[in-house]
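Encoded as structure tokens, the structure appears first; notes follow it.
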Amino acid sequence: MGSAERGLVHLGLHYAVWVRAVVVAMASLPSLVMETELSPGLAVVIVVALNSWNVTYAICMTRGGGRWPVVVDVLVVCAIGLTQAWTTPIGSGPEGTTWVRVASAVILVAYPWHIGVRALAAAIPVITAAHLVGTALAMPDHWLTAAPIHLWMLMEATLSGWLYLLVRRSAQTADQHVARGERLRRQAAVAEARRTDESEHLAALHDTASATLLMVGAGVVHEKQPWLAEQSSRDLEVIRGRSVVSGGDVDLVGMLRDTVTRTPLTVHVTAPGELVVPTVEAAALCHGTREALTNVVRHAGTDSAEVIVSRDGDDVVVEVVDAGLGFDPERISRHRYGVTRSLVERMRRTGGSAEVTSSPGCGTRVRMACPLGAPEDLGGDAENIAARFLRGLQWAAVVMNLVILCLLDLPKLLTHPDAYRPMAAQFASWGGFVVLTLVVLVALRRGRSIGRWRWPLIAVVFGLSVLGTASVRPEDLLGFAHWSEGDAGWTLVLFLLDCRLLVFAVTLIAQYVVTFVQVGLAGDAAITFADSVNATTLIISYQLSVGVISVVLRALAVSSARVAREEEQLRTSEEVARQLHRDRKDRYADLETTTVPLLSGLASGTLDPGDDSVRRRCSVEAAKMRRLFAEDASVPDPLLHELRACIELAERQGLSVRFAATGKRPEIPKDVRRKLTEPAVTALATATGTVRLTVAGTEDAVTVSVIGEALEPALPHSDVDVATSAVVDGDRVWIEATWEVRR
């Protein structure tokens, strides 16, 4: 079962057993004061015993009592029905409604909500038969006259069962819709998580391994340094995934102080003593701070910086400030990864923001902000479940109203022609209720609401009720022939289901008040005051219960949506974890034979950063990562975008590059682009002097070639997709990679 159906089953059980306990108490306890039973002493014992058992039964069922309380309950209700010879009030007529009838009817109405279909099918005829036998023992001369009461009890239980089944079906439908939405959201979440994890991986590589290898390859580090070994060790931890953070909260200030100690700078931290934030936001801010400090080391021309931590409303803010050379942010190439992607995009992924303020000669300020919390968003699930619940309840109310009007009220109208004056008014009243019910039915079929017509139609219900009561002879008022007395309320229920409970109750009670005022003015009735109270309690409690169900189901929709979302998040997180584990394993395998050995050597000291061969290897790996960072499917020509990023890096290292692109190229998959550009990237990282890089394309093929002096002769392995070749002519080397579209 889905969350909505589970919630409905749980709510139905608790609601049914306690509501029946309250209604039975309201009907039975006042009867000891209002009426004089045939055996008053025994009646008191029976009433007290029944109410005590109702409370015991409710406690047992809400605690998962099993089958035995239901069996005992059926026996108790049957026994109460058989004791009517002692509990029936003196002078009660066959048309009267005693508290025993109210109790039996309410218990039958509540059964569908907390026992199974088989148990319900067995309990209904047994209890009805026991009540009929008890009526015959109490009123042997009139028990057949009371047969319609037993028919109504049977019908009420059946209608309550239909109500429950229709509402439960609506819960199942809501769960199906929520499940379909969940599957789509989970697929989107997994895809987004993979993209985010890939971006975070690239950002982490940029902040760690790429920065370290680039400094070594560019000659910034000329000899072995303790901080370089520590930095390389930390880079390895990042690559291996040891720095992945989990849920919970951490002290951001402590993490930042640890971060700044890992840079070759003098950093002054201005921050409160402690600032607890979620670990995801803390990790993003720490990684961003490290990237900003790395930029200070590489570009600012200063050996000091300041980190400022503060709160700004619901945001936590971290600023990295330096008094270095500064730069013009508008002149930063779009091929550069650091500020625009590693820092800004990382903060955006956490729901935060990053801003870089700088100008030449005036230093740089990097401001990062993260929100500390977001309101719970249940999306459209709660509305969807609530709408399904309401629709199921409306269908059930329509079915109930039509059954009551056609199978119960119409036979009364046809079999008591002498009770009405004029007869046409009764048929007009009955026909009006049928038409109003059909109006709601048509609106349901078309998926529309009554809207602004609600109150005019409710006014029509009141008018029809007044007409129905006014055309009943005074001596037949509130008797069997007076079918509209309570049943007009069921038509009102149709128009009030989506209203607030107070509006529902006041409108419904107002209809009964109007009817009783008419009866009072007529000066006569078919039953006693006590019987009328019992009858009204039985009917209005059922109708008010439907209104309460409507309100409770709206609240249940929110809780069900929350439970569904929690379950969805759990399943999504499990699927994301499985997929990310595979992705990270594959990414680590790609780095295990290239980047990892270099970092391991720098960390252990077995590789000398001053050695030319080590510098060249670091340059090549840093250049490959730079091309990886430049991957962006949103740019018009990803191949040229990636190559220009590598060219820019090479030119910053002092290499002169001549670049040309000719011809129209086919669309190139990402994995093919990597293979096509790898020879060129390696060449740009190792060449000296001047290099010529050319991209030539046709509709079916593309070739990337590079010509220069002192190019790295080693080539990546060739495969069936990309053919790679090299021609060496003295000091000049010509490397070419070609890919052809398969037809």
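By convention in this document, the chains of the structure tokens carry letters A, B, ... by their order, each chain's residues are numbered from 1, and ligands are numbered from 1 in the order they are shown.
For region 493-682 of chain A, a DSSP pass over the backbone yields strand (DSSP E) at Ser656, Val657, Arg658, Phe659, Ala660, Ala661 and Thr662 of chain A.
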Those in region 83-169 of chain A with helix (DSSP H, G or I) from DSSP, as an NGL selection string: :A and (84-87 or 99-113 or 117-138 or 147-169)
Can you list, as a tab-separated table (two decimals) with C-alpha atoms, in the first residue's frame, every protein, DNA or RNA residue that comes within 8 Å of Ser619 (chain A) when you count only C-alpha atoms, leaving out same-chain residues fewer than 4 positions away?
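File written: around18.tsv
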chain	number	residue	atom	x	y	z
A	213	LEU	CA	50.22	19.53	-10.70
A	214	LEU	CA	49.99	22.89	-12.48
A	216	VAL	CA	54.78	21.76	-10.24
A	217	GLY	CA	54.53	21.77	-14.05
A	218	ALA	CA	54.88	25.57	-14.23
A	615	ARG	CA	57.54	18.70	-14.35
A	623	ALA	CA	46.62	20.13	-19.26
A	685	ALA	CA	51.91	20.73	-22.42
A	686	THR	CA	55.37	19.58	-23.54
Shell of 7 Å around Glu740 (chain A), only C-alpha atoms, local chain residues under 2 positions omitted, as a list in words: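 So, after excluding close chain neighbours, the residues are Asp700, Ala701, Val702, Thr738 and Arg742 of chain A.
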Separation of CA of Leu252 (chain A) from CA of Arg234 (chain A), in Å and rounded to one decimal: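 Atom-to-atom, CA of Leu252 (chain A) and CA of Arg234 (chain A) are spaced 18.9 Å apart.
Distance check against Trp453 (chain A) using only C-alpha atoms: of A:Val439, A:Val466, A:Leu410, A:Ala481, the minimum falls on A:Val439.
Of the residues listed (A:Ala660, A:Ala58, A:Ala683, A:Ile80), A:Ile80 shows the shortest atom-to-atom separation from Ala43 (chain A); distances use only C-alpha atoms.
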Leu599 (chain A) environment, 10 Å, only C-alpha atoms, sequence neighbours closer than 2 positions dropped, as number ranges by chain: A: 209, 212-213, 228-229, 231-236, 594-597, 601-605, 607, 618
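Nearest to Pro609 (chain A) of all the residues A:Met215, A:Ala179, A:Val296, A:Leu684 is A:Met215, counting only C-alpha atoms.
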For Arg500 (chain A): contacts at 9 Å, only C-alpha atoms, fewer than 4 positions along chain excluded, given as a ChimeraX atom specification: /A:496,504-505,547,551
Residue among A:Glu237, A:Leu13, A:Asp322, A:Val102 lying closest to Leu205 (chain A), counting only C-alpha atoms: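 Of A:Glu237, A:Leu13, A:Asp322, A:Val102, the one nearest Leu205 (chain A) is A:Glu237, counting only C-alpha atoms.
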Spatial neighbours of Arg584 (chain A), 10 Å, only C-alpha atoms, chain gap at least 3 places, as a ChimeraX atom specification: /A:194,197-198,201,239-241,579-581,587-590
So that I have them on file, write out the residues from the current selection with N, CA, C and O atoms, as a PDB file, in the first residue's frame.
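Result written to part-v6.pdb:
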ATOM      1  N   ARG A 194      24.008  12.915 -10.673  1.00  0.00           N
ATOM      2  CA  ARG A 194      25.194  12.518 -11.435  1.00  0.00           C
ATOM      3  C   ARG A 194      25.875  13.732 -12.049  1.00  0.00           C
ATOM      4  O   ARG A 194      27.105  13.833 -12.046  1.00  0.00           O
ATOM      5  N   ASP A 197      27.447  15.614  -9.164  1.00  0.00           N
ATOM      6  CA  ASP A 197      28.628  14.914  -8.662  1.00  0.00           C
ATOM      7  C   ASP A 197      29.792  15.038  -9.643  1.00  0.00           C
ATOM      8  O   ASP A 197      30.943  15.192  -9.233  1.00  0.00           O
ATOM      9  N   GLU A 198      29.478  14.972 -10.933  1.00  0.00           N
ATOM     10  CA  GLU A 198      30.521  15.160 -11.946  1.00  0.00           C
ATOM     11  C   GLU A 198      31.103  16.568 -11.854  1.00  0.00           C
ATOM     12  O   GLU A 198      32.322  16.760 -11.905  1.00  0.00           O
ATOM     13  N   HIS A 201      33.149  16.765  -8.781  1.00  0.00           N
ATOM     14  CA  HIS A 201      34.409  16.052  -9.025  1.00  0.00           C
ATOM     15  C   HIS A 201      35.389  16.937  -9.783  1.00  0.00           C
ATOM     16  O   HIS A 201      36.570  17.033  -9.421  1.00  0.00           O
ATOM     17  N   ILE A 239      40.563  12.556  -4.345  1.00  0.00           N
ATOM     18  CA  ILE A 239      40.365  11.703  -5.523  1.00  0.00           C
ATOM     19  C   ILE A 239      39.782  10.354  -5.117  1.00  0.00           C
ATOM     20  O   ILE A 239      38.914   9.799  -5.807  1.00  0.00           O
ATOM     21  N   ARG A 240      40.220   9.836  -3.989  1.00  0.00           N
ATOM     22  CA  ARG A 240      39.729   8.535  -3.536  1.00  0.00           C
ATOM     23  C   ARG A 240      38.375   8.622  -2.847  1.00  0.00           C
ATOM     24  O   ARG A 240      37.806   7.604  -2.463  1.00  0.00           O
ATOM     25  N   GLY A 241      37.867   9.825  -2.665  1.00  0.00           N
ATOM     26  CA  GLY A 241      36.529   9.985  -2.101  1.00  0.00           C
ATOM     27  C   GLY A 241      36.482  10.039  -0.609  1.00  0.00           C
ATOM     28  O   GLY A 241      35.401  10.002  -0.025  1.00  0.00           O
ATOM     29  N   GLN A 579      24.339   4.678  -7.961  1.00  0.00           N
ATOM     30  CA  GLN A 579      24.822   5.190  -9.238  1.00  0.00           C
ATOM     31  C   GLN A 579      26.112   5.995  -9.063  1.00  0.00           C
ATOM     32  O   GLN A 579      27.057   5.859  -9.847  1.00  0.00           O
ATOM     33  N   LEU A 580      26.162   6.814  -8.022  1.00  0.00           N
ATOM     34  CA  LEU A 580      27.366   7.617  -7.803  1.00  0.00           C
ATOM     35  C   LEU A 580      28.557   6.738  -7.440  1.00  0.00           C
ATOM     36  O   LEU A 580      29.698   7.062  -7.803  1.00  0.00           O
ATOM     37  N   HIS A 581      28.295   5.654  -6.721  1.00  0.00           N
ATOM     38  CA  HIS A 581      29.395   4.738  -6.403  1.00  0.00           C
ATOM     39  C   HIS A 581      30.011   4.181  -7.680  1.00  0.00           C
ATOM     40  O   HIS A 581      31.244   4.120  -7.811  1.00  0.00           O
ATOM     41  N   ARG A 587      35.543   6.886 -12.433  1.00  0.00           N
ATOM     42  CA  ARG A 587      36.411   8.065 -12.529  1.00  0.00           C
ATOM     43  C   ARG A 587      37.762   7.802 -11.872  1.00  0.00           C
ATOM     44  O   ARG A 587      38.804   8.229 -12.383  1.00  0.00           O
ATOM     45  N   TYR A 588      37.729   7.116 -10.731  1.00  0.00           N
ATOM     46  CA  TYR A 588      38.994   6.821 -10.072  1.00  0.00           C
ATOM     47  C   TYR A 588      39.851   5.897 -10.932  1.00  0.00           C
ATOM     48  O   TYR A 588      41.074   6.044 -10.990  1.00  0.00           O
ATOM     49  N   ALA A 589      39.202   4.945 -11.616  1.00  0.00           N
ATOM     50  CA  ALA A 589      39.951   4.050 -12.513  1.00  0.00           C
ATOM     51  C   ALA A 589      40.638   4.845 -13.617  1.00  0.00           C
ATOM     52  O   ALA A 589      41.753   4.502 -14.038  1.00  0.00           O
ATOM     53  N   ASP A 590      40.001   5.920 -14.098  1.00  0.00           N
ATOM     54  CA  ASP A 590      40.618   6.748 -15.133  1.00  0.00           C
ATOM     55  C   ASP A 590      41.853   7.478 -14.621  1.00  0.00           C
ATOM     56  O   ASP A 590      42.793   7.738 -15.383  1.00  0.00           O
TER      57      ASP A 590
END
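Pairwise distance (CA of Arg20 (chain A), CA of Ala103 (chain A)) equals 8.0 Å.
Here CA of Val9 (chain A) and CA of Ile540 (chain A) stand 23.9 Å from one another.
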A:Leu414, A:Val77, A:Leu165, A:Val533 ranked by distance to Val117 (chain A), top pick (using only C-alpha atoms):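 Comparing A:Leu414, A:Val77, A:Leu165, A:Val533 against Val117 (chain A), the winner is A:Leu165.
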Pick from A:Met400, A:Leu32, A:Met1, A:Val267 nearest to Leu441 (chain A), counting only C-alpha atoms: A:Met400
